[in-house]
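Each remark here refers to the structure printed beneath this line.
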Amino acid sequence: GYLPVAAEGIVQQLKSFERLTCKAAISGKYEDAFIALTTNPLVQSETKAKLVLDEMLIAHKAHLPQFSEAIRMVEKNNETNH
């Protein structure tokens, strides 16, 4: 069926977020994950997307071996900033 125009836009945006998230999960690239998060309508800024992404990568690193290089980078940056 058809969606109201107001709903159609948000559904398309969420589908883009899902597709970009799948791409990031396969690639293991920080940049891909960052782009995915910034397309999520619930993430209000690139700054918040970076904070959330960094925290989630570190918190779940045991389950994200494809992001091992990105996680090392985040941990190194955290050490430098503290």
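Please note that chains go A, B, ... in the order of the structure tokens, that every chain numbers its residues from 1, and that ligands are numbered from 1 in the order shown.
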
Legend entry - DSSP alpha helix (DSSP H) residues within chain A, listed as a ChimeraX atom specification: /A:5-27,30-39,46-59,68-81

With 8 Å as the cut-off and only C-alpha atoms counted, what is the closest atom pair between each nearby residue of stretch 2-34 of chain A and stretch 41-62 of chain A? Distances in Å to one decimal, ordered by chain and number, as a tab-separated table.
```
residue	atom	partner	partner_atom	distance
A:Ile10	CA	A:Pro41	CA	7.9
A:Gln13	CA	A:Pro41	CA	7.3
A:Leu14	CA	A:Pro41	CA	7.4
A:Ala33	CA	A:Leu53	CA	7.5
A:Phe34	CA	A:Lys50	CA	6.7
```

Would you write out those residues with N, CA, C and O atoms, as a PDB file, in the first residue's frame?
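That gives us out_29.pdb:
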```pdb
ATOM      1  N   ILE A  10      10.290   9.602   6.477  1.00  0.00           N
ATOM      2  CA  ILE A  10      10.974   9.015   7.631  1.00  0.00           C
ATOM      3  C   ILE A  10      11.261   7.542   7.389  1.00  0.00           C
ATOM      4  O   ILE A  10      12.310   7.033   7.777  1.00  0.00           O
ATOM      5  N   GLN A  13      14.278   7.380   5.195  1.00  0.00           N
ATOM      6  CA  GLN A  13      15.485   7.731   5.952  1.00  0.00           C
ATOM      7  C   GLN A  13      15.921   6.568   6.842  1.00  0.00           C
ATOM      8  O   GLN A  13      17.115   6.252   6.921  1.00  0.00           O
ATOM      9  N   LEU A  14      14.968   5.919   7.493  1.00  0.00           N
ATOM     10  CA  LEU A  14      15.307   4.773   8.332  1.00  0.00           C
ATOM     11  C   LEU A  14      15.833   3.606   7.506  1.00  0.00           C
ATOM     12  O   LEU A  14      16.749   2.898   7.930  1.00  0.00           O
ATOM     13  N   ALA A  33      30.423   3.310   9.637  1.00  0.00           N
ATOM     14  CA  ALA A  33      29.560   3.312  10.812  1.00  0.00           C
ATOM     15  C   ALA A  33      29.151   4.741  11.184  1.00  0.00           C
ATOM     16  O   ALA A  33      27.999   4.999  11.553  1.00  0.00           O
ATOM     17  N   PHE A  34      30.083   5.666  11.059  1.00  0.00           N
ATOM     18  CA  PHE A  34      29.798   7.068  11.365  1.00  0.00           C
ATOM     19  C   PHE A  34      28.745   7.630  10.417  1.00  0.00           C
ATOM     20  O   PHE A  34      27.785   8.276  10.844  1.00  0.00           O
TER      21      PHE A  34
END
```

Inset, instruction - Quick one: pull the distance between atom CA of A:Phe17 and atom CA of A:Asn40, Å, one decimal. - result: 5.6 Å

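Separating atom CA of A:Ala24 from atom CA of A:Glu79 is a distance of 24.7 Å.
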
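Taking atom CA of A:Lys23 and atom CA of A:Asn78 as endpoints, the distance between them is 25.6 Å.
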